[in-house]
Amino acid sequence: MSKRNQFSEASLPLFACDEVAISPAIPKGKLPSYIADHRQRLRARFLSGGAEAMPDYELLELLLFRAIPRRDVKPLARLLLEKFNDFNGIISAPAERLLEVNGVGEAVICELKIVLASAQRLARSRILQRPVVSSWDALIDYCHTAMAHRDTEQFRVLFLDRKNTLIADEEQASGTVDHVPVYPREVVKRALELNASALILVHNHPSGDPTPSPEDISMTAQIERAAQALGLTLHDHLIIGKSTELSFRASGLL
């Protein structure tokens, strides 16, 4: 199972309820009608039309309602979108960067990370213990969900059995914004430990451009040689960008 970046109460400033306000808090009691009615309308639209019927800022408001029950959350939704561009960028952003936004505290971060974890778990359930060939689109979706919005490079290996069924997905290394150290020997060693027969390499480019670097090509060739020497098959190496991906196999690099 892949390792996830986590935050804890010890690693974040404590907020009773996101106390750093960008709009005045509402005194205890009944919500003003203009806020209560707005929230009710958004919830009704979501229930009737789903997420597709809502732009990013309204979907974000629905999340923020839970974290900040007594404050107009529109200004905070706007600030988050200005900083992180879209809904996916917001929920994927590191907790430290989210805290840079005035109005964000532990409650907001918790709600955002619950959504991120749910999305990743759902996407992962669609590919685990299933043949990769018949679930390739789901595999690509999972890789984008897990990696496309990271601000540092991460290198993962998907391990397959003899029927090309995914048996494990593990992070092998993480690095900087443009480099991640990868050791071919460790990759094939782990494949043998898992009794895997084939591999798919995956890493992200935080720049958004999935074009492979010379180092990417060289590293892939080293892993392919090490795998072949031990009777393992390297099916592909995927580079995940912000909105697209590159397949070494489809590009003729494998």
# chains A, B, ... in the order shown; residues from 1 in each chain; ligands from 1
>>> select_by_dssp(residues="range 45-180 of chain A", states="helix (DSSP H, G or I)", output="number ranges by chain")
A: 45-49, 51-53, 56-67, 74-84, 87-92, 95-98, 106-125, 133-147
>>> closest_residue(among="A:Ala196, A:Leu254, A:Leu76, A:Val188", to="Ala227 in chain A", atoms="only C-alpha atoms")
A:Val188
>>> closest_residue(among="A:Ala93, A:Met54, A:Ala226, A:Ala221", to="Arg150 in chain A", atoms="only C-alpha atoms")
A:Ala93
>>> closest_residue(among="A:Val157, A:Ala95, A:Ala44, A:Ile90", to="Arg78 in chain A", atoms="only C-alpha atoms")
A:Ile90
>>> closest_residue(among="A:Val187, A:Leu63, A:Leu192, A:Ile109", to="Glu224 in chain A", atoms="only C-alpha atoms")
A:Val187
>>> residues_around(residues="Arg249 in chain A", least_positions_apart="6", cutoff="8 Å", atoms="only C-alpha atoms", output="ChimeraX atom specification")
/A:235-237
>>> residues_around(residues="Ser197 in chain A", least_positions_apart="2", cutoff="6 Å", atoms="only C-alpha atoms", output="PyMOL selection string")
chain A and resi 160-162+232
>>> write_last_selection(atoms="all heavy atoms", output="tab-separated table (two decimals), in the first residue's frame")
chain	number	residue	atom	x	y	z
A	160	LEU	N	2.57	-6.41	-10.52
A	160	LEU	CA	1.55	-7.27	-11.11
A	160	LEU	C	1.93	-8.73	-10.99
A	160	LEU	O	3.12	-9.08	-10.97
A	160	LEU	CB	1.37	-6.93	-12.60
A	160	LEU	CG	1.26	-5.44	-12.97
A	160	LEU	CD1	1.19	-5.29	-14.48
A	160	LEU	CD2	0.06	-4.80	-12.30
A	161	ASP	N	0.91	-9.60	-10.94
A	161	ASP	CA	1.19	-11.04	-10.91
A	161	ASP	C	1.22	-11.59	-12.33
A	161	ASP	O	1.19	-10.84	-13.32
A	161	ASP	CB	0.18	-11.78	-10.03
A	161	ASP	CG	-1.25	-11.72	-10.58
A	161	ASP	OD1	-1.44	-11.31	-11.75
A	161	ASP	OD2	-2.18	-12.07	-9.83
A	162	ARG	N	1.24	-12.92	-12.46
A	162	ARG	CA	1.37	-13.54	-13.79
A	162	ARG	C	0.16	-13.28	-14.68
A	162	ARG	O	0.25	-13.38	-15.91
A	162	ARG	CB	1.57	-15.05	-13.63
A	162	ARG	CG	2.94	-15.42	-13.09
A	162	ARG	CD	3.12	-16.92	-12.94
A	162	ARG	NE	4.47	-17.26	-12.53
A	162	ARG	CZ	4.92	-17.18	-11.29
A	162	ARG	NH1	4.09	-16.77	-10.32
A	162	ARG	NH2	6.16	-17.50	-10.99
A	232	LEU	N	11.61	-10.56	-14.97
A	232	LEU	CA	10.47	-9.68	-14.74
A	232	LEU	C	10.18	-8.85	-15.99
A	232	LEU	O	11.09	-8.51	-16.74
A	232	LEU	CB	10.75	-8.73	-13.57
A	232	LEU	CG	11.09	-9.38	-12.22
A	232	LEU	CD1	11.60	-8.33	-11.25
A	232	LEU	CD2	9.87	-10.08	-11.65
>>> residues_around(residues="Leu60 in chain A", least_positions_apart="3", cutoff="10 Å", atoms="only C-alpha atoms", output="compact mmCIF listing (two decimals) with N, CA and C atoms, in the first residue's frame")
# COMPACT_ATOMS: atom_id res chain seq x y z
N MET A 54 -22.44 21.79 -10.61
CA MET A 54 -21.88 22.84 -9.77
C MET A 54 -20.47 23.20 -10.21
N PRO A 55 -20.16 24.49 -10.31
CA PRO A 55 -18.77 24.89 -10.55
C PRO A 55 -17.92 24.62 -9.33
N ASP A 56 -16.61 24.70 -9.51
CA ASP A 56 -15.68 24.38 -8.41
C ASP A 56 -15.95 25.20 -7.15
N TYR A 57 -16.24 26.49 -7.32
CA TYR A 57 -16.36 27.33 -6.11
C TYR A 57 -17.58 26.94 -5.28
N LEU A 63 -18.19 22.05 1.04
CA LEU A 63 -17.23 21.49 1.99
C LEU A 63 -16.97 22.44 3.15
N LEU A 64 -16.81 23.71 2.81
CA LEU A 64 -16.47 24.69 3.84
C LEU A 64 -17.62 24.92 4.82
N PHE A 65 -18.87 24.68 4.37
CA PHE A 65 -20.00 24.82 5.29
C PHE A 65 -19.79 23.96 6.54
N VAL A 73 -18.66 31.64 3.79
CA VAL A 73 -17.44 30.99 3.30
C VAL A 73 -17.09 31.38 1.87
N LYS A 74 -17.90 32.22 1.22
CA LYS A 74 -17.60 32.60 -0.16
C LYS A 74 -16.22 33.27 -0.30
N LEU A 76 -13.54 32.87 1.47
CA LEU A 76 -12.48 31.87 1.63
C LEU A 76 -12.40 30.97 0.40
N ALA A 77 -13.54 30.58 -0.14
CA ALA A 77 -13.54 29.76 -1.36
C ALA A 77 -12.82 30.49 -2.48
N ARG A 78 -13.07 31.79 -2.59
CA ARG A 78 -12.42 32.58 -3.64
C ARG A 78 -10.90 32.63 -3.44
N LEU A 80 -8.98 30.48 -1.88
CA LEU A 80 -8.40 29.16 -2.14
C LEU A 80 -8.27 28.90 -3.63
N LEU A 81 -9.28 29.27 -4.40
CA LEU A 81 -9.22 29.07 -5.84
C LEU A 81 -8.18 29.97 -6.50
N ASP A 86 -7.81 25.30 -8.90
CA ASP A 86 -9.05 24.54 -9.08
C ASP A 86 -9.30 23.65 -7.87
N PHE A 87 -10.43 22.95 -7.89
CA PHE A 87 -10.85 22.12 -6.76
C PHE A 87 -9.81 21.05 -6.44
N ILE A 90 -6.79 22.38 -4.70
CA ILE A 90 -7.03 22.74 -3.31
C ILE A 90 -6.98 21.52 -2.40
N ILE A 91 -7.72 20.47 -2.75
CA ILE A 91 -7.75 19.32 -1.84
C ILE A 91 -6.42 18.57 -1.82
N LEU A 112 -10.96 18.98 3.81
CA LEU A 112 -10.35 18.84 2.48
C LEU A 112 -9.62 17.51 2.35
>>> residues_around(residues="Pro210 in chain A", least_positions_apart="6", cutoff="10 Å", atoms="only C-alpha atoms", output="count of residues only")
12
>>> closest_residue(among="A:Ser207, A:Thr152, A:Gln222, A:Thr145", to="Val182 in chain A", atoms="only C-alpha atoms")
A:Gln222
>>> select_by_dssp(residues="range 13-196 of chain A", states="strand (DSSP E)", output="mmCIF file with N, CA, C and O atoms, in the first residue's frame")
data_model
loop_
_atom_site.group_PDB
_atom_site.id
_atom_site.type_symbol
_atom_site.label_atom_id
_atom_site.label_comp_id
_atom_site.auth_asym_id
_atom_site.auth_seq_id
_atom_site.Cartn_x
_atom_site.Cartn_y
_atom_site.Cartn_z
ATOM 1 N N GLN A 154 7.179 12.229 -7.090
ATOM 2 C CA GLN A 154 7.001 10.969 -6.376
ATOM 3 C C GLN A 154 7.151 9.833 -7.383
ATOM 4 O O GLN A 154 6.646 9.926 -8.505
ATOM 5 N N PHE A 155 7.846 8.783 -6.981
ATOM 6 C CA PHE A 155 8.044 7.623 -7.852
ATOM 7 C C PHE A 155 7.356 6.424 -7.227
ATOM 8 O O PHE A 155 7.625 6.057 -6.093
ATOM 9 N N ARG A 156 6.426 5.810 -7.986
ATOM 10 C CA ARG A 156 5.668 4.666 -7.501
ATOM 11 C C ARG A 156 5.898 3.486 -8.441
ATOM 12 O O ARG A 156 6.191 3.664 -9.622
ATOM 13 N N VAL A 157 5.720 2.295 -7.887
ATOM 14 C CA VAL A 157 5.792 1.084 -8.695
ATOM 15 C C VAL A 157 4.521 0.278 -8.466
ATOM 16 O O VAL A 157 4.123 0.049 -7.323
ATOM 17 N N LEU A 158 3.889 -0.101 -9.565
ATOM 18 C CA LEU A 158 2.723 -0.980 -9.509
ATOM 19 C C LEU A 158 3.206 -2.389 -9.818
ATOM 20 O O LEU A 158 3.799 -2.634 -10.880
ATOM 21 N N PHE A 159 2.980 -3.314 -8.911
ATOM 22 C CA PHE A 159 3.456 -4.682 -9.036
ATOM 23 C C PHE A 159 2.311 -5.588 -9.494
ATOM 24 O O PHE A 159 1.205 -5.541 -8.933
ATOM 25 N N LEU A 160 2.569 -6.413 -10.516
ATOM 26 C CA LEU A 160 1.545 -7.266 -11.109
ATOM 27 C C LEU A 160 1.933 -8.733 -10.988
ATOM 28 O O LEU A 160 3.119 -9.077 -10.975
ATOM 29 N N LEU A 166 -3.092 -6.334 -10.587
ATOM 30 C CA LEU A 166 -2.356 -5.478 -9.662
ATOM 31 C C LEU A 166 -2.402 -6.059 -8.256
ATOM 32 O O LEU A 166 -3.475 -6.274 -7.697
ATOM 33 N N ILE A 167 -1.228 -6.320 -7.692
ATOM 34 C CA ILE A 167 -1.178 -6.880 -6.339
ATOM 35 C C ILE A 167 -0.646 -5.887 -5.310
ATOM 36 O O ILE A 167 -0.871 -6.047 -4.109
ATOM 37 N N ALA A 168 0.050 -4.850 -5.774
ATOM 38 C CA ALA A 168 0.565 -3.850 -4.830
ATOM 39 C C ALA A 168 0.901 -2.562 -5.561
ATOM 40 O O ALA A 168 1.299 -2.574 -6.730
ATOM 41 N N ASP A 169 0.728 -1.478 -4.863
ATOM 42 C CA ASP A 169 1.065 -0.137 -5.355
ATOM 43 C C ASP A 169 1.861 0.529 -4.251
ATOM 44 O O ASP A 169 1.333 0.764 -3.159
ATOM 45 N N GLU A 170 3.124 0.816 -4.508
ATOM 46 C CA GLU A 170 3.983 1.331 -3.441
ATOM 47 C C GLU A 170 4.790 2.531 -3.900
ATOM 48 O O GLU A 170 5.297 2.570 -5.027
ATOM 49 N N GLU A 171 4.924 3.486 -2.998
ATOM 50 C CA GLU A 171 5.836 4.600 -3.237
ATOM 51 C C GLU A 171 7.249 4.119 -2.966
ATOM 52 O O GLU A 171 7.541 3.583 -1.901
ATOM 53 N N GLN A 172 8.122 4.299 -3.924
ATOM 54 C CA GLN A 172 9.514 3.903 -3.763
ATOM 55 C C GLN A 172 10.402 5.063 -3.342
ATOM 56 O O GLN A 172 11.412 4.860 -2.686
ATOM 57 N N ALA A 173 10.020 6.261 -3.754
ATOM 58 C CA ALA A 173 10.851 7.423 -3.423
ATOM 59 C C ALA A 173 10.058 8.698 -3.651
ATOM 60 O O ALA A 173 9.107 8.728 -4.428
ATOM 61 N N SER A 174 10.466 9.763 -2.962
ATOM 62 C CA SER A 174 9.932 11.096 -3.220
ATOM 63 C C SER A 174 11.107 12.052 -3.230
ATOM 64 O O SER A 174 12.169 11.775 -2.661
#
>>> closest_residue(among="A:Trp136, A:Asp151, A:Cys143, A:Arg66", to="Arg124 in chain A", atoms="only C-alpha atoms")
A:Cys143
>>> atom_distance(atom1="CA of Thr165 in chain A", atom2="CA of Arg121 in chain A")
17.8 Å
>>> atom_distance(atom1="CA of Pro75 in chain A", atom2="CA of Ser48 in chain A")
25.4 Å
